[in-house]
Every structure is written in C-alpha cells, then in structure tokens.
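Structure first, commentary second.
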Amino acid sequence: QSDATLCLDIEGGSSTPGTAVWIWSCDHNLDQQRWYVPPSFGSFNIQSQMQGAFLCLDLLGQYTFNGNAIGAWECNGFEGQSWIFDQSNGNIQWAKDPSKCVDVPGGNYKMGQELWIWDCNGQDSQKFGYDASMQSIYAAASSDASLCIDVPRDEKAGASVWLWGCNGESQQMWKVPDSYLP
C-alpha cells in the first residue's frame, strides 16, 4: 500500500508463541505493532570472529576521555562500535570523532597490554595493520609486528581487548569492512 496505513500486527496483541502475524490498520499506540529492526552491521563495525560470540570492537561506555578502555561488546550498532580503519596511516579512528584513535598505552608493546582511546597524534602507538589471510589486526609499530589485538579467551562482552602474541586463534580474528582493505 502506498500510503503506509497498514502495519504488521500480532493478532490480538498475544505473546503466545505461534500467534499469527497479520496486516492491520496502523495504530502507533499498540505494542503489537512495535517491531525491533536491528541495525545493519558492517559499514563501520570491526567484528570479532571469536567462536561462539557476536562481538564488535567497542569504545566501552562510549566515553571519549583519553585513557578509556577499548573492548569487545555484543554488536549493537551503537556509535561506540563505529570505527574508521585508515589503512593509509594505520589509524583506527572512532567514526563519531575521528580525532580519537585506538592506542597502545605509552607505546608499551607487551603481551597483555590493554588498548585505550587517545587523541590521534601520529605516534607509532596508534599504527595498526591488517593481515587479510589471518584476519588479524596487529600492532604495526611493534618491533616485529607479532602482537595482535586479542579478546581474552575466557572473557565475556565488556572485556578490554589487549595485545597478545599472534597465534591464529579465533579471538584474534576480526572482520574489517571491505571498504577499508587495500
């Protein structure tokens, strides 16, 4: 219908599994006509490929103060999960404010080093690369690029991501949007 006066409706507003869904006159005050449509993922999300999880790289709490943790959180389409991976300079910038970058604190390249958000400053601690064959994001400025962004294996959504020796395990595999790849 071209005038959008008909809506999807759950028959009688029932919450019983198996209840029919039908087309009915729109009444925006009826709960049975309210639907959640999940956001489309992938345009700016960097998704973890960790087995049994649907996690995205996340600015925890969406707080942009220098030093706030970067983590992995259930993919939800919120702004805290929107990133620009600029392959030309290696920065992973927050899409809402590209003056903020994923950073290795103090340029301290060691296993277990958690990542944080910091003002983009061109320092090596903000340079990352992507290995498409391994699907891994690695600290490009570490001495041998052998440290990858990793979701701690036993952690759940909300865990800070850290650097760990690149090992090809699923907690180090990331799906980066094709538009960012060379």
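In the structure tokens, the first chain shown is A, the next is B, and so on; residue numbers restart at 1 for each chain, and ligands run from 1 in the order shown.
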Check the DSSP output for the backbone and give back, as a PyMOL selection string, the residues of segment 35-148 of chain A in strand (DSSP E). chain A and resi 47-48+55-59+70-74+83-86+91-94+97-103+116-119+128-131+136-139+147-148
Using only C-alpha atoms, which protein or nucleic acid residues come within 7 Å of Asp150 of chain A? Drop anything in the same chain fewer than 5 positions from it, and give the result as a PyMOL selection string. chain A and resi 161-164+171-172
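The shell of residues at most 9 Å from Asp124 of chain A, with only C-alpha atoms counted and near chain neighbours (fewer than 4 positions) removed, consists of Asp103, Val104, Gly107, Phe128, Ala139, Ala140, Ala141 and Ser142 of chain A.
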Choose the residue, out of A:Ile23, A:Val151, A:Asp131, A:Asp178, that has the smallest atom-to-atom separation from Phe54 of chain A; count only C-alpha atoms. A:Val151
Which one is closest to Cys56 of chain A: A:Asn89, A:Gln81, A:Gln33, A:Ser133? Count only C-alpha atoms.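 For Cys56 of chain A, the nearest of the given residues is A:Gln81.
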List as number ranges by chain the protein and nucleic acid residues near Ile46 of chain A, meaning an atom at most 12 Å away when only C-alpha atoms are counted, but skip any in the same chain fewer than 6 places from it. A: 54-59, 71-77, 80-85, 92-95, 130, 135-137, 149, 172-180
For the residues in the current selection, export C-alpha atoms as a tab-separated table (two decimals), in the first residue's frame.
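Below you can see part_20.tsv, which holds the result:
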```tsv
chain	number	residue	atom	x	y	z
A	54	PHE	CA	28.92	-11.86	18.24
A	55	LEU	CA	31.29	-9.16	19.47
A	56	CYS	CA	32.46	-5.89	17.96
A	57	LEU	CA	35.38	-3.62	18.78
A	58	ASP	CA	33.83	-1.15	21.21
A	59	LEU	CA	34.65	2.14	22.92
A	71	GLY	CA	36.90	-3.56	24.46
A	72	ALA	CA	34.74	-6.16	22.82
A	73	TRP	CA	30.98	-5.89	23.30
A	74	GLU	CA	27.98	-7.59	21.75
A	75	CYS	CA	27.45	-6.00	18.34
A	76	ASN	CA	24.63	-3.49	18.72
A	77	GLY	CA	25.15	-0.77	16.12
A	80	GLY	CA	30.81	3.23	20.30
A	81	GLN	CA	31.24	0.43	17.75
A	82	SER	CA	31.75	2.65	14.70
A	83	TRP	CA	35.36	2.78	13.52
A	84	ILE	CA	37.32	4.04	10.56
A	85	PHE	CA	40.34	1.84	9.83
A	92	ILE	CA	41.78	3.04	13.83
A	93	GLN	CA	39.69	6.16	14.46
A	94	TRP	CA	36.37	6.50	16.21
A	95	ALA	CA	33.88	7.34	13.43
A	130	TYR	CA	45.50	-5.91	8.93
A	135	GLN	CA	42.08	-11.88	9.63
A	136	SER	CA	44.19	-10.29	12.36
A	137	ILE	CA	44.82	-6.70	13.36
A	149	ILE	CA	44.53	-7.34	19.00
A	172	GLN	CA	42.38	-12.65	17.28
A	173	MET	CA	40.34	-12.80	14.09
A	174	TRP	CA	38.48	-9.67	13.02
A	175	LYS	CA	36.18	-8.91	10.13
A	176	VAL	CA	37.14	-5.49	8.83
A	177	PRO	CA	34.76	-3.79	6.36
A	178	ASP	CA	35.87	-4.36	2.77
A	179	SER	CA	35.95	-0.61	2.14
A	180	TYR	CA	38.96	-0.34	4.48
```
Report the distance between atom CA of Ile117 of chain A and atom CA of Glu79 of chain A in Å, rounded to one decimal place. 14.1 Å
Taking the backbone alone, and naming residues the way the document does, which bits of chain A are helix (DSSP H, G or I) by DSSP, as a list in words?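 Matching residues, listed in order: Glu11, Gly12, Gly13, Asp31, Gln32, Gln33, Leu60, Gly61, Gln62, Glu79, Gly80, Gln81, Pro105, Gly106, Gly107, Asp124, Ser125, Gln126, Ser170, Gln171, Gln172, Asp178, Ser179 and Tyr180 of chain A.
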Please produce an output containing C-alpha atoms for each residue in the selection, written as a PDB file, in the first residue's frame.
```pdb
ATOM      1  CA  GLU A  11      -3.121 -10.915  16.291  1.00  0.00           C
ATOM      2  CA  GLY A  12      -4.878  -9.733  19.442  1.00  0.00           C
ATOM      3  CA  GLY A  13      -1.601  -8.498  20.956  1.00  0.00           C
ATOM      4  CA  ASP A  31       2.530  -2.544  21.379  1.00  0.00           C
ATOM      5  CA  GLN A  32       1.679  -5.376  18.976  1.00  0.00           C
ATOM      6  CA  GLN A  33       2.693  -3.104  16.088  1.00  0.00           C
ATOM      7  CA  LEU A  60      33.462   0.966  26.321  1.00  0.00           C
ATOM      8  CA  GLY A  61      30.705   3.190  27.649  1.00  0.00           C
ATOM      9  CA  GLN A  62      31.176   5.424  24.589  1.00  0.00           C
ATOM     10  CA  GLU A  79      28.217   4.741  17.974  1.00  0.00           C
ATOM     11  CA  GLY A  80      30.809   3.225  20.305  1.00  0.00           C
ATOM     12  CA  GLN A  81      31.239   0.433  17.746  1.00  0.00           C
ATOM     13  CA  PRO A 105      49.309   2.976  26.122  1.00  0.00           C
ATOM     14  CA  GLY A 106      52.761   4.529  26.294  1.00  0.00           C
ATOM     15  CA  GLY A 107      53.859   2.539  23.237  1.00  0.00           C
ATOM     16  CA  ASP A 124      53.641   4.737  16.343  1.00  0.00           C
ATOM     17  CA  SER A 125      51.453   3.555  19.238  1.00  0.00           C
ATOM     18  CA  GLN A 126      48.425   4.304  17.023  1.00  0.00           C
ATOM     19  CA  SER A 170      39.617 -17.077  16.666  1.00  0.00           C
ATOM     20  CA  GLN A 171      39.841 -14.489  19.474  1.00  0.00           C
ATOM     21  CA  GLN A 172      42.381 -12.652  17.276  1.00  0.00           C
ATOM     22  CA  ASP A 178      35.873  -4.363   2.766  1.00  0.00           C
ATOM     23  CA  SER A 179      35.947  -0.614   2.142  1.00  0.00           C
ATOM     24  CA  TYR A 180      38.961  -0.343   4.479  1.00  0.00           C
TER      25      TYR A 180
END
```
Could you jot down the atom CA of Gly168 of chain A to atom CA of Met134 of chain A separation for me, Å, one decimal place?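 According to the coordinates, atom CA of Gly168 of chain A and atom CA of Met134 of chain A are separated by 6.3 Å.
The environment of Asp27 of chain A within 9 Å, counting only C-alpha atoms and disregarding residues fewer than 5 places along the same chain, consists of Thr5, Leu6, Cys7 and Gln33 of chain A.
Minimum distance to Tyr109 of chain A across A:Asp86, A:Gly18, A:Gln47, A:Lys127 (counting only C-alpha atoms) occurs at A:Lys127.
Computed from the coordinates, the atom CA of Leu8 of chain A to atom CA of Val21 of chain A distance equals 6.7 Å.
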Pick from A:Cys166, A:Cys120, A:Cys101, A:Ala69, whichever lies nearest to Asp144 of chain A using only C-alpha atoms: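 Answer, going by the shortest atom-to-atom distance: A:Cys166.
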Closest to Asn29 of chain A among A:Ser88, A:Arg153, A:Phe65, A:Asp9, using only C-alpha atoms? A:Asp9
Which residue is closest to Ala4 of chain A? Choose from A:Arg34, A:Cys26, A:Gly165, A:Ala20 and count only C-alpha atoms.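 Looking only at the distances to Ala4 of chain A, the closest residue turns out to be A:Cys26.
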